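Trainee: This is upload11.cif, which holds mmCIF, C-alpha atoms:
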```
data_start
loop_
_atom_site.label_atom_id
_atom_site.label_comp_id
_atom_site.auth_asym_id
_atom_site.auth_seq_id
_atom_site.Cartn_x
_atom_site.Cartn_y
_atom_site.Cartn_z
CA MET T 84 4.18 -2.80 -11.68
CA ALA T 85 2.60 0.47 -12.85
CA ALA T 86 3.28 1.96 -9.44
CA VAL T 87 6.93 0.90 -9.63
CA ARG T 88 7.30 2.33 -13.14
CA ALA T 89 5.81 5.61 -11.93
CA LEU T 90 8.18 5.63 -8.96
CA VAL T 91 11.24 5.16 -11.20
CA ALA T 92 10.00 7.81 -13.64
CA SER T 93 9.37 10.35 -10.86
CA ARG T 94 12.87 9.85 -9.43
CA LEU T 95 14.44 10.35 -12.86
CA ALA T 96 12.31 13.43 -13.44
CA ALA T 97 13.35 14.86 -10.08
CA ALA T 98 16.99 14.33 -10.91
CA SER T 99 16.57 16.03 -14.31
CA ALA T 100 14.79 18.98 -12.72
CA PHE T 101 17.57 19.41 -10.18
CA THR T 102 20.34 19.36 -12.76
CA SER T 103 18.53 21.82 -15.03
CA LEU T 104 18.99 24.64 -12.48
CA SER T 105 21.48 27.28 -13.56
CA PRO T 106 22.87 29.11 -10.51
CA GLY T 107 25.51 31.69 -11.39
CA GLY T 108 24.33 31.93 -14.99
CA ARG T 109 25.88 28.69 -16.20
CA THR T 110 26.03 28.22 -19.95
CA PRO T 111 24.10 25.31 -21.57
CA SER T 112 27.33 23.35 -21.94
CA GLN T 113 28.16 23.87 -18.28
CA ARG T 114 24.67 22.78 -17.29
CA ALA T 115 25.07 19.70 -19.47
CA ALA T 116 28.35 18.87 -17.75
CA LEU T 117 26.68 19.29 -14.35
CA HIS T 118 23.82 17.06 -15.48
CA LEU T 119 26.23 14.30 -16.43
CA SER T 120 28.15 14.61 -13.17
CA VAL T 121 25.15 14.14 -10.89
CA PRO T 122 24.14 10.50 -10.33
CA ARG T 123 20.45 9.81 -10.81
CA PRO T 124 18.75 8.29 -7.77
CA ALA T 125 17.43 4.77 -8.35
CA ALA T 126 14.22 3.35 -6.94
CA ARG T 127 15.09 0.87 -4.19
CA VAL T 128 12.91 -2.21 -4.60
CA ALA T 129 12.68 -5.24 -2.30
CA LEU T 130 11.85 -8.51 -4.10
CA VAL T 131 10.46 -11.16 -1.73
CA LEU T 132 10.78 -14.79 -2.83
CA SER T 133 9.11 -17.93 -1.44
CA GLY T 134 11.42 -20.68 -2.67
CA CYS T 135 12.43 -21.91 -6.11
CA GLY T 136 9.86 -23.61 -8.34
CA VAL T 137 6.25 -22.85 -9.23
CA TYR T 138 4.65 -25.73 -7.29
CA ASP T 139 6.48 -25.29 -3.98
CA GLY T 140 8.11 -21.86 -4.18
CA THR T 141 8.49 -18.82 -6.43
CA GLU T 142 7.57 -19.10 -10.11
CA ILE T 143 11.03 -18.71 -11.66
CA HIS T 144 9.80 -17.22 -14.97
CA GLU T 145 7.87 -14.52 -13.14
CA ALA T 146 10.75 -13.68 -10.79
CA SER T 147 13.12 -13.41 -13.77
CA ALA T 148 10.71 -11.23 -15.76
CA ILE T 149 10.28 -8.88 -12.79
CA LEU T 150 14.05 -8.63 -12.32
CA VAL T 151 14.54 -7.81 -16.02
CA HIS T 152 11.79 -5.19 -15.91
CA LEU T 153 13.23 -3.52 -12.80
CA SER T 154 16.73 -3.58 -14.27
CA ARG T 155 15.53 -1.86 -17.44
CA GLY T 156 13.82 0.74 -15.27
CA GLY T 157 17.05 1.49 -13.45
CA ALA T 158 15.85 0.20 -10.09
CA GLU T 159 18.18 -0.97 -7.34
CA VAL T 160 16.90 -4.41 -6.29
CA GLN T 161 17.58 -6.36 -3.12
CA ILE T 162 16.20 -9.89 -2.79
CA PHE T 163 14.76 -11.33 0.42
CA ALA T 164 13.16 -14.58 1.63
CA PRO T 165 12.14 -15.94 5.03
CA ASP T 166 14.53 -18.37 6.72
CA VAL T 167 11.92 -21.11 7.29
CA PRO T 168 11.32 -24.69 6.13
CA GLN T 169 9.22 -25.24 3.02
CA MET T 170 5.78 -26.74 3.53
CA HIS T 171 6.91 -29.63 1.33
CA VAL T 172 9.05 -30.38 -1.73
CA ILE T 173 7.44 -31.06 -5.12
CA ASP T 174 8.98 -33.24 -7.83
CA HIS T 175 8.29 -30.90 -10.75
CA THR T 176 8.56 -33.72 -13.31
CA LYS T 177 5.55 -35.40 -11.70
CA GLY T 178 3.81 -32.58 -9.87
CA GLN T 179 3.80 -34.73 -6.74
CA PRO T 180 5.38 -34.30 -3.29
CA SER T 181 8.77 -35.90 -2.72
CA GLU T 182 8.49 -38.08 0.35
CA GLY T 183 11.13 -37.66 3.04
CA GLU T 184 12.67 -34.54 1.49
CA SER T 185 12.84 -31.11 3.13
CA ARG T 186 14.24 -27.77 1.99
CA ASN T 187 14.68 -24.25 3.34
CA VAL T 188 12.89 -21.29 1.70
CA LEU T 189 15.86 -18.90 2.02
CA THR T 190 18.32 -21.48 0.71
CA GLU T 191 16.12 -22.39 -2.26
CA SER T 192 15.37 -18.73 -3.08
CA ALA T 193 19.12 -18.11 -3.22
CA ARG T 194 19.14 -20.19 -6.43
CA ILE T 195 17.16 -17.46 -8.17
CA ALA T 196 19.09 -14.66 -6.46
CA ARG T 197 22.43 -16.25 -7.40
CA GLY T 198 23.36 -16.15 -3.73
CA LYS T 199 22.72 -12.43 -3.30
CA ILE T 200 19.85 -12.73 -0.85
CA THR T 201 18.99 -11.55 2.66
CA ASP T 202 16.82 -12.98 5.42
CA LEU T 203 13.37 -11.36 5.27
CA ALA T 204 13.74 -10.49 8.96
CA ASN T 205 16.21 -7.79 7.88
CA LEU T 206 13.89 -6.07 5.41
CA SER T 207 12.77 -2.61 6.50
CA ALA T 208 10.38 -0.36 4.61
CA ALA T 209 12.53 2.58 5.69
CA ASN T 210 15.30 1.36 3.36
CA HIS T 211 13.18 0.65 0.29
CA ASP T 212 10.71 2.43 -1.95
CA ALA T 213 8.58 -0.60 -2.90
CA ALA T 214 8.15 -4.32 -2.25
CA ILE T 215 7.22 -6.94 -4.84
CA PHE T 216 6.12 -10.55 -4.32
CA PRO T 217 6.42 -12.74 -7.46
CA GLY T 218 3.88 -15.51 -8.00
CA GLY T 219 4.14 -19.22 -7.36
CA PHE T 220 2.46 -21.60 -4.93
CA GLY T 221 5.20 -20.84 -2.40
CA ALA T 222 3.23 -17.73 -1.40
CA ALA T 223 0.33 -19.95 -0.32
CA LYS T 224 2.55 -22.66 1.15
CA ASN T 225 5.61 -20.96 2.61
CA LEU T 226 4.63 -17.32 3.15
CA SER T 227 1.31 -18.39 4.64
CA THR T 228 -0.80 -21.48 5.34
CA PHE T 229 -3.37 -20.53 2.70
CA ALA T 230 -2.83 -23.75 0.73
CA VAL T 231 -4.03 -25.74 3.74
CA ASP T 232 -6.25 -23.38 5.72
CA GLY T 233 -7.78 -21.17 3.02
CA LYS T 234 -9.34 -17.94 4.30
CA ASP T 235 -8.46 -18.93 7.87
CA CYS T 236 -4.77 -19.06 7.08
CA LYS T 237 -1.93 -17.68 9.13
CA VAL T 238 0.68 -15.44 7.50
CA ASN T 239 4.41 -15.67 8.19
CA LYS T 240 5.11 -13.08 10.89
CA GLU T 241 7.88 -11.39 8.89
CA VAL T 242 5.69 -11.22 5.77
CA GLU T 243 2.90 -9.59 7.78
CA ARG T 244 5.33 -7.15 9.37
CA VAL T 245 6.73 -6.14 5.99
CA LEU T 246 3.28 -5.65 4.49
CA LYS T 247 2.19 -3.50 7.42
CA GLU T 248 5.36 -1.40 7.29
CA PHE T 249 5.10 -0.66 3.57
CA HIS T 250 1.35 -0.05 3.73
CA GLN T 251 1.65 2.33 6.69
CA ALA T 252 4.51 4.16 4.98
CA GLY T 253 2.38 4.62 1.85
CA LYS T 254 4.86 2.72 -0.29
CA PRO T 255 3.82 0.43 -3.20
CA ILE T 256 3.31 -3.28 -2.57
CA GLY T 257 3.14 -5.25 -5.82
CA CYS T 258 2.67 -8.89 -6.68
CA ASP T 259 2.31 -11.03 -9.72
CA ALA T 260 -1.13 -12.29 -10.65
CA SER T 261 -0.50 -15.91 -9.73
CA THR T 262 0.40 -15.10 -6.14
CA SER T 263 -2.48 -16.27 -3.98
CA LEU T 264 -2.91 -14.96 -0.45
CA PRO T 265 -5.85 -13.21 1.22
CA ALA T 266 -5.68 -10.38 3.72
CA PRO T 267 -3.55 -11.56 6.68
CA ALA T 268 -5.75 -9.92 9.28
CA ALA T 269 -8.52 -7.42 9.86
CA TRP T 270 -6.04 -4.54 9.60
CA TRP T 271 -6.17 -4.95 5.81
CA SER T 272 -9.87 -4.49 5.08
CA TRP T 273 -11.24 -3.75 1.63
CA SER T 274 -11.00 -0.12 0.56
CA ALA T 275 -10.37 2.00 -2.52
CA ALA T 276 -6.67 1.80 -1.64
CA LEU T 277 -6.52 -1.64 -3.24
CA CYS T 278 -6.24 -1.98 -6.99
CA CYS T 279 -8.11 -5.31 -7.10
CA PRO T 280 -11.72 -4.12 -7.49
CA GLY T 281 -14.07 -5.90 -5.12
CA VAL T 282 -11.41 -8.23 -3.72
CA SER T 283 -10.13 -7.83 -0.17
CA CYS T 284 -6.56 -8.89 -0.71
CA VAL T 285 -2.93 -8.02 -0.67
CA TRP T 286 -2.22 -10.43 -3.50
CA CYS T 287 -4.59 -11.32 -6.30
CA TRP T 288 -6.49 -14.57 -5.95
CA GLN T 289 -5.27 -17.52 -7.99
CA GLY T 290 -6.61 -17.16 -11.52
CA GLU T 291 -6.74 -13.37 -11.59
CA SER T 292 -5.19 -12.02 -14.78
CA ARG T 293 -3.91 -8.80 -13.33
CA THR T 294 -1.10 -7.51 -11.15
CA CYS T 295 -2.27 -6.40 -7.73
CA VAL T 296 -0.61 -3.30 -6.35
CA ASP T 297 -1.44 -1.49 -3.13
CA GLU T 298 -0.74 2.11 -4.09
CA HIS T 299 -2.01 3.49 -0.75
CA ARG T 300 -4.28 5.96 -2.57
#
```
What is this file in structure tokens?
Mentor:
Amino acid sequence: MAAVRALVASRLAAASAFTSLSPGGRTPSQRAALHLSVPRPAARVALVLSGCGVYDGTEIHEASAILVHLSRGGAEVQIFAPDVPQMHVIDHTKGQPSEGESRNVLTESARIARGKITDLANLSAANHDAAIFPGGFGAAKNLSTFAVDGKDCKVNKEVERVLKEFHQAGKPIGCDASTSLPAPAAWWSWSAALCCPGVSCVWCWQGESRTCVDEHR
């Protein structure tokens, strides 16, 4: 989240610097009027969800907190989720799978997005400044097979594509601490570019008490 805050702050600073120019010897009041007339650019952030509910999708509290934080920072947020079946459905009153029930990750994520959601296949790093993955077991169940296969897991092809695009473009990739998913392939080896010291990951391992952000440093 620190990287996202810095991104928002830098964009606001750039806008302020631009509007402080005084071509033609404008008076302070004229410069103030110009400043008010120029819209400030907002950071464009992609929020990627994995369902709705901590045990089989996105942790709703974390997704909501991230949305509030981004809103206060003036970011322009677009929500995405893969159009795939959930691994399974959990009865959250019991913490047990519901037999014979199936749900779709995109459809369930739309509950959090209030319907304003887009298929992850349409997410392009070229159109956004950062990508954030909230926590929840859905990351290990629906965005990958980590819940079943551990370190040998496979990652959803669209998730891997998005991660590669943002990483190669040098744009921040953030995730909440409870999101659990290891590096999807050898292309993401451990380096100083990762802000999780000593951990080769895109997301922090379950139990980490920090937010993991690839700042491409």
Trainee: Applied to this file, what does the PyMOL selection byres ((chain T and resi 186-192) around 6) return in terms of residues, put as a VMD selection string?
Mentor: chain T and resid 133 to 135 164 to 169 185 193 to 195
Trainee: Could you tell me how far CA of Phe220 (chain T) sits from CA of Leu203 (chain T), in Å to one decimal place?
Mentor: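 Result for CA of Leu203 (chain T) versus CA of Phe220 (chain T): 18.1 Å, one decimal.
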Trainee: Written as a ChimeraX atom specification, which residues does the PyMOL selection byres ((chain T and resi 204) around 10) give for the file shown?
Mentor: /T:163-166,201-203,205-207,240-242,244-245
Trainee: Evaluating the PyMOL selection byres ((chain T and resi 154) around 12) on the displayed file yields which residues, as a list in words?
Mentor: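 This file gives the following for the PyMOL selection byres ((chain T and resi 154) around 12): Val87, Arg88, Val91, Ala125, Ala126, Arg127, Val128, Ser147, Ala148, Ile149, Leu150, Val151, His152, Leu153, Arg155, Gly156, Gly157, Ala158, Glu159, Val160 and Gln161 of chain T.
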Trainee: Out of T:Leu130, T:Ile256, T:Cys236, T:Val137, which residue has the shortest atom-to-atom distance to Gly221 (chain T) when counting only C-alpha atoms?
Mentor: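 For Gly221 (chain T), the nearest of the given residues is T:Val137.
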Trainee: Please measure the separation of CA of Phe229 (chain T) and CA of Asn210 (chain T), giving the value in Å to one decimal.
Mentor: 28.8 Å
Trainee: Rank T:Ala252, T:Leu132, T:Cys258, T:Asp235 by their smallest atom-to-atom distance to Ile200 (chain T), using all atoms listed in the file, and report the top residue only.
Mentor: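 Ranking T:Ala252, T:Leu132, T:Cys258, T:Asp235 by distance to Ile200 (chain T), first place goes to T:Leu132.
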Trainee: With all atoms listed in the file as the basis for distance, which of T:Gly253, T:Gly219, T:Asn239, T:Leu226 is at the shortest distance from His144 (chain T)?
Mentor: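 The shortest atom-to-atom distance to His144 (chain T) comes from T:Gly219.
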Trainee: Quick one: distance from CA of Leu246 (chain T) to CA of Ser227 (chain T) in Å, one decimal?
Mentor: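 Value for the CA of Leu246 (chain T)-CA of Ser227 (chain T) distance: 12.9 Å.
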Trainee: When distances are computed from only C-alpha atoms, which of T:Thr176, T:Val131, T:Lys199, T:Ile162 shows the smallest separation from Gly257 (chain T)?
Mentor: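 Of T:Thr176, T:Val131, T:Lys199, T:Ile162, the one nearest Gly257 (chain T), counting only C-alpha atoms, is T:Val131.
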